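All remarks here apply to the structure that follows.
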Amino acid sequence: MLKVSIIATSLFAMSVSAYTLPENKIDSGKVYAQEKPITLLGQGVTEGQQAPDFKVVNDAFVPVKLSDFQGKAIVISVVPSLDTGICSLQTKHFNEQVAKTFSNIEMLTISADLPFAQKRFCKQENIDKVVTLSDSVWRNFGENYGLYIKDMGLLSRAVFILNKDHKIVYKQLVKNLATEPDYSQVVDKLKTL
């Protein structure tokens with residue numbers, strides 16, 4: 001199954017490189033992979049702005065938009081691929097720790113993984129409180145939030161908190177792709193909602 005996921009990711013990376021996105025100037029030079037800076041593509045967002053709407057799909061390939069969560073505060077956990085160790089740990093942490101403490105807040109995990117891979121991961125890892133969503137179809141989330149990694153077709157690791165009006169009240173762009181987010185900062189901000 002991992003081979004299928006890697007092949008799908010490679011095909012997706014090729015399709016993204018053919019679809020030219022602008023460089024994310026807001027977050028330029030802020031993310032590294034093994035001490036090498038990576039280029040993020042898309043619009044980029046900042047704390048305090050209205051969160052851009054996006055269109056992704058759930059594990060049944062049904063379209064899901066940010067506007068579908070109207071009136072709800074949201075945590076958006078962004079990972080490169082659920083089939084990797086750090087991404088798995090991040091998703092499990094939000095599912096087992098954060099969602100349990102903040103049950104009134106919608107928890108989303110978005111990656112460029114194909115929906116069938118996300119569904120398999122959730123079943124295998126008992127992910128039942130976090131909604132996993134795929135940006136593999138339209139690449140709309142990555143474009144609108146400036147998180148596409150150039151020449152890889154994956155999303156950069158990040159966490160966003162949106163209030164009930166979907167204003168971005170917290171943004172954590174994880175500096176090193178190989179590290180987990182600072183969960184304590186996320187929890188501290190959630191306590192203020």
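Labeling convention for the structure tokens: chains A, B, ... as they appear, residues from 1 per chain, ligands from 1 in order of appearance.
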Surrounding residues of region 95-97 of chain A excluding itself and chain neighbours under 6 positions, 10 Å, only C-alpha atoms, as a compact mmCIF listing (two decimals) with C-alpha atoms, in the first residue's frame:
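Produced file part01.txt, reproduced below:
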```
# COMPACT_ATOMS: atom_id res chain seq x y z
CA LEU A 89 2.29 11.40 15.45
CA MET A 107 -10.44 19.33 14.27
CA LEU A 108 -9.32 18.94 10.66
CA THR A 109 -6.18 17.35 9.24
CA ASN A 126 -8.28 4.61 15.19
CA ILE A 127 -8.52 8.27 14.17
CA ASP A 128 -12.12 9.11 15.03
CA LYS A 129 -12.20 12.68 16.37
CA VAL A 130 -10.18 14.42 13.65
CA VAL A 131 -11.65 14.79 10.16
CA TYR A 183 1.45 21.64 20.76
CA VAL A 187 -3.40 24.51 23.43
```
Next item on the list: Would you please give, as a PyMOL selection string, all residues of region 25-189 of chain A that DSSP assigns to strand (DSSP E) based on the backbone?
Entry: chain A and resi 32-33+36-37+40-41+55-57+63-65+74-78+106-111+131-134+148-149+158-162+168-173
Checklist line | Contact residues around Lys164 (chain A) with only C-alpha atoms at 7 Å, ignoring same-chain residues under 4 positions, as a ChimeraX atom specification | finding: /A:71-73
Report the closest atom pair, with its distance in Å rounded to one decimal, for each residue of region 150-192 of chain A that has an atom no farther than 6 Å from region 49-54 of chain A; count only C-alpha atoms, sort by chain and then rising residue number, and write it as CSV.
```
residue,atom,partner,partner_atom,distance
A:His166,CA,A:Ala51,CA,5.7
A:Lys167,CA,A:Gln50,CA,4.3
A:Ile168,CA,A:Ala51,CA,5.6
```
Notebook entry, point to check: Quick one, how far is CA of Ser81 (chain A) from CA of Lys55 (chain A)?
Noted result: 18.4 Å
